[in-house]
Every structure is written in C-alpha cells, then in structure tokens.
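Engineer: Let me begin by handing over the structure; questions about it come next.
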Amino acid sequence: MNDKTGSIMSTYGRYPVAFERGEGVRLWDTNGRAYLDFLSGIGVNNLGHSHPAVVEAVQTQVAKLTHTSNLYRIPNQEALGERLISSCFADQVFFSNSGADANEAAIKLVRKYMKDRGQPGRYEIITATNSFHGRTLATLTASGQEKVQAGFEPLVPGFRYVPFNDLEAMEKAIGPYTAAIMLEPIQGESGIRVPDGDYLNKLRDLCDRKDILLVLDEVQSGMGRTGKMWAHQWSDVTPDIMTASKALASGVPMGACLAKREIAAAFAPGTHGSTFGGNPLSAAAGLATLDVMLSDDFLPQVQARGEYFMNALRQMAEGRRMVKQVRGQGLMVAVELNAPGEEVASICLSRGLLINCCMGTILRFLPPLVISEEEIDQGVAILAEVLSDLF
C-alpha cells in the first residue's frame with residue numbers, strides 16, 4: 001500500500017510487511033513467515049510478544065471494565081502507582097497516554113512548580129542535542145534535533161540545547177531563567193549514546209548548586225531495558241521528576257510522570273489531566289508487566305543477556321572495518337557503521353531479522369528482555385551474513 005494514496009497519513013516510511021501474531025521474540029507475517037524481533041516495537045514489548053501473564057490480565061480486565069474516567073477512583077491505577085513508586089525515588093505519579101504525554105506533563109510540572117514557589121521567571125528547560133522527547137509541540141521543541149522540529153515553527157519558547165555528556169557546556173547554559181535540566185540517561189533515538197560514568201552524578205550536583213530541577217526521560221531506557229529497573233539506578237543519582245512509557249503496559253498505551261511529593265504538589269485538580277491515562281485496562285496490563293519485571297531473577301537475567309549480546313556483537317565486529325563501534329548497556333545496544341545502515345536493516349528484514357537504523361549509520365537493537373542466548377546467536381549470525389554480503 002502506498003501511504004500517499006491510502007487511507008493512513010504518510011508519517012512513517014513503512015516496510016512492505018504486516019504481522020498478524022507474535023510469541024516471545026518472534027513475529028509471524030500475514031504469509032506465515034517467522035521473524036526474530038530485535039526491536040520490540042521500538043522498546044515496547046520488553047516481555048516479548050503475547051506474554052501469558054499480560055494476556056491473561058488484559059483478557060480478564062477487558063471482560064469486566066475497560067474505561068471509566070479519572071473523575072473516579074481506579075483501584076488498579078492506585079495499585080500500579082504504589083508499585084511504580086516502590087521501584088524508584090518518587091512519591092507520586094501521574095498517568096498519561098504515551099511517553100510524549102508524560103514528558104509534556106513533566107514540562108508543565110516544572111513550570112508550575114517554579115511559579116508556585118514565587119519564581120515565575122524561571123521557565124527555561126535545558127535539554128541535550130540529539131535528544132528525543134516526543135512529537136507534541138512542546139516535546140518536539142524539547143528534542144534537540146532540527147529534523148523533528150522543521151516545518152512546525154514557531155516552536156514553544158523556553159528551551160535551550162547543549163551537547164550531550166558535556167558538563168561544562170551545561171553549566172555555561174544555566175542562567176537566571178533556567179528552571180530545569182531534562183535529558184535521557186542514555187540517548188535512544190539518536191543511536192544509544194551512553195554518557196560518561198560520572199555525568200549524571202555531576203549533573204545532580206550542578207542542579208543542587210543552581211537550585212534547579214533534574215528531569216530524567218526514561219521512556220526508552222526504563223522498564224528494565226538496561227538491566228536495572230531504571231537506567232539512572234546504575235548511578236547514585238536521584239532525579240526530581242522522571243517519565244516512563246513504552247514497556248510500561250506491554251503494548252497497551254500508557255505513560256507516567258513520577259515526582260517527589262513537594263514537586264508533584266504543584267499539580268492540583270484542574271491543572272492537568274488525561275482522558276485515558278491509567279484507565280482500568282492499561283493499569284491491569286501495567287500491573288501484570290511489573291509482576292514479571294520485579295521478580296527476583298528477572299533483571300539479573302537481563303544483565304547477563306545484555307553482556308552476552310554485547311560480547312557476541314564485538315566478536316562479530318572483529319576484523320570488520322565497516323564497524324566503527326559497538327556500545328550500549330543491558331539490552332539497549334547499537335552498532336555504529338562506517339557506512340550507511342538503512343540497506344543493512346532492510347536486508348536483515350528480508351532475511352528474518354527486525355532491527356532499526358538511526359542517524360543514517362547506526363544500527364539500533366532493542367530485543368525483548370526475555371531473549372535467549374540461542375536467539376541472540378541467531379540474530380547476530382544473520383547480521384554478520386548481511387554485513388559480509390554488503391561490504
């Protein structure tokens with residue numbers, strides 16, 4: 001189907017394949033062909049496709065009650081909020097429909113908090129170049145990439161950008177209007193960029209010295225993706241606000257903005273809202289997801305699988321001059337090439353492996369966290385074959 005003439009607006013360059021079922025790490029297309037999914041719906045299906053616990057929870061809930069409204073109490077939502085808070089620094093959570101909605105809530109919360117504390121002139125948020133925070137007008141402005149902003153000017157005022165992992169540039173950018181720093185602990189959409197080990201700690205110190213807030217966007221890096229529940233937990237950093245989404249409800253749309261209580265208090269009835277956020281269906285899916293993800297052996301296994309995958313890729317890269325770098329953390333991994341990567345991703349698809357190309361030369365891998373060593377070996381073997389044939 002051509003998106004230019006079909007019924008769907010042409011916002012994506014789509015591959016000519018459609019999937020009709022999935023199980024674990026595998027998807028099957030409408031012709032019955034199997035594929036290894038090393039992208040997980042861009043980091044959504046962290047438990048793999050059709051995880052039995054999530055399927056059972058959704059089927060049970062949808063048969064009882066799908067949606068009410070946030071005008072009423074939602075027991076599943078309250079239980080999920082308690083579970084999320086127990087996994088991190090936060091005291092309270094706002095549930096939204098998506099990651100962009102969650103980041104929009106975080107931006108509004110920063111501004112409202114500063115106004116409530118008598119500093120209305122402090123509204124500016126500093127983000128990083130090559131960051132990605134969403135597609136709403138405010139979150140695409142927050143994203144430090146011209147490609148997502150082009151054509152939508154005038155942008156929302158109040159954002160500045162500095163290079164990722166550059167503490168000196170960040171300190172110089174902070175001024176009298178600055179309210180917060182907002183960034184991904186690991187940049188995902190721009191090709192899995194991991195900062196220096198002490199970067200987040202130094203940012204926390206900088207925020208404390210300048211009396212501004214630290215907002216971490218864990219939409220892609222959170223929910224166990226790096227082998228910790230949240231990527232910032234590899235450091236000693238405690239943010240003031242954090243956002244989550246993607247794998248939060250295993251494919252049922254859901255986002256969350258989490259904050260310390262004194263900051264969350266800036267939101268009161270009527271200041272912000274979400275029609276679908278945290279409804280009975282999405283909350284049931286989220287609870288089932290966390291039941292699996294917070295079991296004792298789940299995250300250690302993700303760490304082990306991540307090390308296995310990274311080692312396999314590094315061994316595959318040995319002697320291949322077209323591979324510039326293998327990098328990442330846990331099962332959030334990239335291979336940067338000295339050559340265009342779009343054709344590599346396309347040929348991998350034709351050979352039964354789903355991966356993604358970012359920034360023209362970077363192959364991004366976000367496989368389900370339940371992946372086995374055998375499945376990793378199969379995926380790396382396909383990639384190696386494609387690289388050998390192309391270069």
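Quick note on naming: the chains in the structure tokens go A, B, ... in the order shown, residues restart at 1 in each chain, and ligands are numbered from 1 in order of appearance.
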Pick out the residues sitting within 10 Å of region 104-107 of chain A, and hand them over as a ChimeraX atom specification; count only C-alpha atoms, and ignore anything fewer than 2 positions along from it in its own chain.
Structural biologist: /A:94-96,98-102,109-112,123-125,133-140,142,179-180,182,215-217,241-243,256-259,264,267,272-274
Engineer: Residues at most 6 Å from region 143-155 of chain A, counting only C-alpha atoms, excluding those fewer than 4 positions away in the same chain, as a PyMOL selection string?
Structural biologist: chain A and resi 128-133
Engineer: Would you pick out the contacts of Gly22 (chain A) at 7 Å or less, using only C-alpha atoms, so that residues sharing its chain but fewer than 4 positions from it are not included, and give the list as JSON, numbers by chain?
Structural biologist: {"A": [26, 27, 28, 49, 50]}
Engineer: Would you mind reading off the distance between CA of Ile263 (chain A) and CA of Pro75 (chain A), one decimal, in Å?
Structural biologist: 23.9 Å
Engineer: Need to verify the contact set: Ala285 (chain A), 12 Å, only C-alpha atoms, exclusion of same-chain residues closer than 3 positions in sequence. Can you return it as number ranges by chain?
Structural biologist: A: 45, 47, 50-62, 66, 76-77, 79-80, 247-254, 278-282, 288-292
Engineer: Quick check, in Å to one decimal: how far apart do CA of Met316 (chain A) and CA of Leu337 (chain A) lie?
Structural biologist: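 CA of Leu337 (chain A) lies at a distance of 12.9 Å from CA of Met316 (chain A).
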Engineer: Got a sec: who's within 10 Å of Leu313 (chain A), counting only C-alpha atoms, leaving out chain neighbours fewer than 6 positions off, as an mmCIF file with N, CA, C and O atoms, in the first residue's frame?
Structural biologist:
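So the final result, stored in part_24.cif, reads:
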data_model
loop_
_atom_site.group_PDB
_atom_site.id
_atom_site.type_symbol
_atom_site.label_atom_id
_atom_site.label_comp_id
_atom_site.auth_asym_id
_atom_site.auth_seq_id
_atom_site.Cartn_x
_atom_site.Cartn_y
_atom_site.Cartn_z
ATOM 1 N N GLU A 307 25.160 -8.633 28.476
ATOM 2 C CA GLU A 307 26.601 -8.880 28.335
ATOM 3 C C GLU A 307 26.867 -9.902 27.230
ATOM 4 O O GLU A 307 27.808 -9.753 26.440
ATOM 5 N N GLN A 325 31.866 1.101 16.006
ATOM 6 C CA GLN A 325 31.763 0.929 17.468
ATOM 7 C C GLN A 325 30.556 0.063 17.810
ATOM 8 O O GLN A 325 29.518 0.134 17.154
ATOM 9 N N VAL A 326 30.727 -0.754 18.858
ATOM 10 C CA VAL A 326 29.606 -1.463 19.485
ATOM 11 C C VAL A 326 29.438 -0.850 20.866
ATOM 12 O O VAL A 326 30.405 -0.756 21.631
ATOM 13 N N ARG A 327 28.240 -0.407 21.216
ATOM 14 C CA ARG A 327 28.065 0.280 22.503
ATOM 15 C C ARG A 327 26.662 0.027 23.053
ATOM 16 O O ARG A 327 25.771 -0.436 22.336
ATOM 17 N N VAL A 333 21.296 -1.520 22.789
ATOM 18 C CA VAL A 333 22.608 -1.704 22.150
ATOM 19 C C VAL A 333 22.605 -1.082 20.742
ATOM 20 O O VAL A 333 21.573 -1.042 20.072
ATOM 21 N N ALA A 334 23.779 -0.615 20.325
ATOM 22 C CA ALA A 334 23.923 -0.079 18.969
ATOM 23 C C ALA A 334 25.230 -0.546 18.356
ATOM 24 O O ALA A 334 26.215 -0.786 19.061
ATOM 25 N N VAL A 335 25.209 -0.667 17.039
ATOM 26 C CA VAL A 335 26.424 -0.888 16.248
ATOM 27 C C VAL A 335 26.518 0.280 15.275
ATOM 28 O O VAL A 335 25.655 0.445 14.415
ATOM 29 N N ILE A 376 19.860 -14.822 20.485
ATOM 30 C CA ILE A 376 20.896 -13.808 20.240
ATOM 31 C C ILE A 376 21.869 -14.308 19.172
ATOM 32 O O ILE A 376 22.211 -13.581 18.229
ATOM 33 N N ASP A 377 22.304 -15.557 19.310
ATOM 34 C CA ASP A 377 23.239 -16.130 18.325
ATOM 35 C C ASP A 377 22.631 -16.120 16.923
ATOM 36 O O ASP A 377 23.319 -15.807 15.933
ATOM 37 N N GLY A 379 20.296 -14.084 15.722
ATOM 38 C CA GLY A 379 20.210 -12.717 15.206
ATOM 39 C C GLY A 379 21.565 -12.182 14.779
ATOM 40 O O GLY A 379 21.689 -11.555 13.709
ATOM 41 N N VAL A 380 22.593 -12.424 15.585
ATOM 42 C CA VAL A 380 23.937 -11.941 15.243
ATOM 43 C C VAL A 380 24.458 -12.642 13.986
ATOM 44 O O VAL A 380 25.142 -12.021 13.154
ATOM 45 N N ALA A 381 24.111 -13.900 13.825
ATOM 46 C CA ALA A 381 24.547 -14.641 12.625
ATOM 47 C C ALA A 381 23.935 -14.031 11.360
ATOM 48 O O ALA A 381 24.610 -13.909 10.327
ATOM 49 N N LEU A 383 22.958 -10.881 11.017
ATOM 50 C CA LEU A 383 23.612 -9.587 10.821
ATOM 51 C C LEU A 383 24.994 -9.767 10.197
ATOM 52 O O LEU A 383 25.377 -9.041 9.259
ATOM 53 N N ALA A 384 25.753 -10.721 10.710
ATOM 54 C CA ALA A 384 27.099 -10.964 10.179
ATOM 55 C C ALA A 384 27.041 -11.344 8.704
ATOM 56 O O ALA A 384 27.861 -10.892 7.886
#
Engineer: Counting only C-alpha atoms, which of A:Met293, A:Ile126, A:Cys358, A:Ala283 gets nearest to Glu82 (chain A)?
Structural biologist: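 Among the listed residues, the smallest separation from Glu82 (chain A) belongs to A:Ala283.
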Engineer: Quick one: of A:Ile85, A:Lys172, A:Arg351, A:Ser245, who's nearest to Glu385 (chain A), counting only C-alpha atoms?
Structural biologist: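 Checking each of A:Ile85, A:Lys172, A:Arg351, A:Ser245 against Glu385 (chain A), counting only C-alpha atoms, the winner is A:Arg351.
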Engineer: What are the closest atom pairs, with distances in Å to one decimal, for all residues of region 123-220 of chain A lying within 10 Å of region 37-42 of chain A? Consider only C-alpha atoms, order rows by chain and residue number, and present the result as JSON lines.
Structural biologist:
{"residue": "A:Gly188", "atom": "CA", "partner": "A:Ile42", "partner_atom": "CA", "distance": 9.7}
{"residue": "A:Glu189", "atom": "CA", "partner": "A:Ile42", "partner_atom": "CA", "distance": 9.3}
{"residue": "A:Gln220", "atom": "CA", "partner": "A:Ile42", "partner_atom": "CA", "distance": 8.2}
Engineer: Can you tell me, as number ranges by chain, what residues are no more than 12 Å from Ser350 (chain A) when counting only C-alpha atoms, ignoring any on the same chain fewer than 2 positions away?
Structural biologist: A: 15-17, 29, 33-36, 343-348, 352-355, 382-383, 386
Engineer: For the residues selected in the previous step, produce a file with N, CA, C and O atoms as a CSV table (one decimal), in the first residue's frame.
Structural biologist:
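Final file, part_25.csv:
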chain,number,residue,atom,x,y,z
A,15,TYR,N,8.0,-0.5,5.9
A,15,TYR,CA,8.4,-1.6,5.1
A,15,TYR,C,7.2,-2.4,4.6
A,15,TYR,O,6.1,-2.4,5.3
A,16,PRO,N,7.3,-3.0,3.5
A,16,PRO,CA,6.2,-3.8,2.9
A,16,PRO,C,5.9,-5.1,3.6
A,16,PRO,O,5.9,-6.2,2.9
A,17,VAL,N,5.7,-5.1,4.9
A,17,VAL,CA,5.4,-6.3,5.6
A,17,VAL,C,4.3,-6.0,6.7
A,17,VAL,O,4.4,-4.9,7.3
A,29,ASP,N,4.5,-13.0,9.9
A,29,ASP,CA,3.8,-12.1,9.0
A,29,ASP,C,2.5,-12.7,8.4
A,29,ASP,O,2.2,-13.9,8.7
A,33,ARG,N,5.4,-16.3,7.6
A,33,ARG,CA,6.8,-16.3,7.7
A,33,ARG,C,7.3,-15.8,9.1
A,33,ARG,O,6.7,-14.8,9.6
A,34,ALA,N,8.2,-16.5,9.7
A,34,ALA,CA,8.7,-16.1,11.1
A,34,ALA,C,9.9,-15.1,11.0
A,34,ALA,O,10.7,-15.2,10.1
A,35,TYR,N,9.9,-14.2,12.0
A,35,TYR,CA,11.0,-13.2,12.1
A,35,TYR,C,11.5,-13.1,13.5
A,35,TYR,O,10.7,-13.3,14.5
A,36,LEU,N,12.7,-12.8,13.7
A,36,LEU,CA,13.3,-12.5,15.0
A,36,LEU,C,13.1,-11.0,15.3
A,36,LEU,O,13.6,-10.2,14.4
A,343,GLU,N,20.3,0.2,4.3
A,343,GLU,CA,20.2,-1.0,3.5
A,343,GLU,C,20.5,-2.3,4.3
A,343,GLU,O,19.9,-3.3,4.1
A,344,VAL,N,21.4,-2.1,5.3
A,344,VAL,CA,21.6,-3.3,6.2
A,344,VAL,C,20.4,-3.7,6.9
A,344,VAL,O,20.0,-4.9,7.0
A,345,ALA,N,19.6,-2.7,7.5
A,345,ALA,CA,18.4,-3.0,8.2
A,345,ALA,C,17.4,-3.6,7.2
A,345,ALA,O,16.6,-4.6,7.6
A,346,SER,N,17.3,-3.1,6.0
A,346,SER,CA,16.3,-3.6,5.0
A,346,SER,C,16.6,-5.1,4.6
A,346,SER,O,15.7,-5.9,4.6
A,347,ILE,N,17.9,-5.4,4.4
A,347,ILE,CA,18.3,-6.7,4.0
A,347,ILE,C,18.1,-7.7,5.2
A,347,ILE,O,17.7,-8.8,5.0
A,348,CYS,N,18.4,-7.2,6.4
A,348,CYS,CA,18.1,-8.0,7.6
A,348,CYS,C,16.7,-8.4,7.7
A,348,CYS,O,16.3,-9.6,8.0
A,352,GLY,N,14.8,-12.1,7.8
A,352,GLY,CA,14.0,-12.6,9.0
A,352,GLY,C,14.5,-12.0,10.3
A,352,GLY,O,14.3,-12.5,11.4
A,353,LEU,N,15.2,-10.8,10.2
A,353,LEU,CA,15.6,-10.1,11.5
A,353,LEU,C,15.2,-8.7,11.5
A,353,LEU,O,15.5,-7.9,10.5
A,354,LEU,N,14.4,-8.3,12.5
A,354,LEU,CA,14.0,-6.9,12.6
A,354,LEU,C,14.9,-6.1,13.4
A,354,LEU,O,15.2,-6.4,14.6
A,355,ILE,N,15.6,-5.0,12.8
A,355,ILE,CA,16.4,-4.1,13.5
A,355,ILE,C,16.0,-2.7,13.0
A,355,ILE,O,15.2,-2.5,12.2
A,382,ILE,N,22.7,-13.6,11.4
A,382,ILE,CA,22.0,-13.0,10.3
A,382,ILE,C,22.7,-11.7,10.0
A,382,ILE,O,23.0,-11.4,8.8
A,383,LEU,N,23.0,-10.9,11.0
A,383,LEU,CA,23.6,-9.6,10.8
A,383,LEU,C,25.0,-9.8,10.2
A,383,LEU,O,25.4,-9.0,9.3
A,386,VAL,N,24.7,-10.5,6.5
A,386,VAL,CA,24.4,-9.3,5.7
A,386,VAL,C,25.6,-8.4,5.6
A,386,VAL,O,25.8,-7.9,4.5
Engineer: Enumerate the residues of region 116-317 of chain A with a DSSP assignment of helix (DSSP H, G or I), computed from the backbone, and present them as a ChimeraX atom specification.
Structural biologist: /A:116,137-142,146-149,167-173,199-210,231-234,246-249,261-264,280-293,298-317
Engineer: Quick one: distance from CA of Thr68 (chain A) to CA of Gly277 (chain A) in Å, one decimal?
Structural biologist: 10.7 Å
Engineer: Looking at A:Leu366, A:Leu387, A:Leu65, A:Ile174, which one is nearest to Gly341 (chain A), with distances taken over only C-alpha atoms?
Structural biologist: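 Closest candidate: A:Leu387.
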Engineer: Which residue is closest to Gly328 (chain A)? Choose from A:Arg314, A:Lys115, A:Arg193, A:Lys202 and count only C-alpha atoms.
Structural biologist: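 Smallest distance to Gly328 (chain A) is found for A:Arg193.
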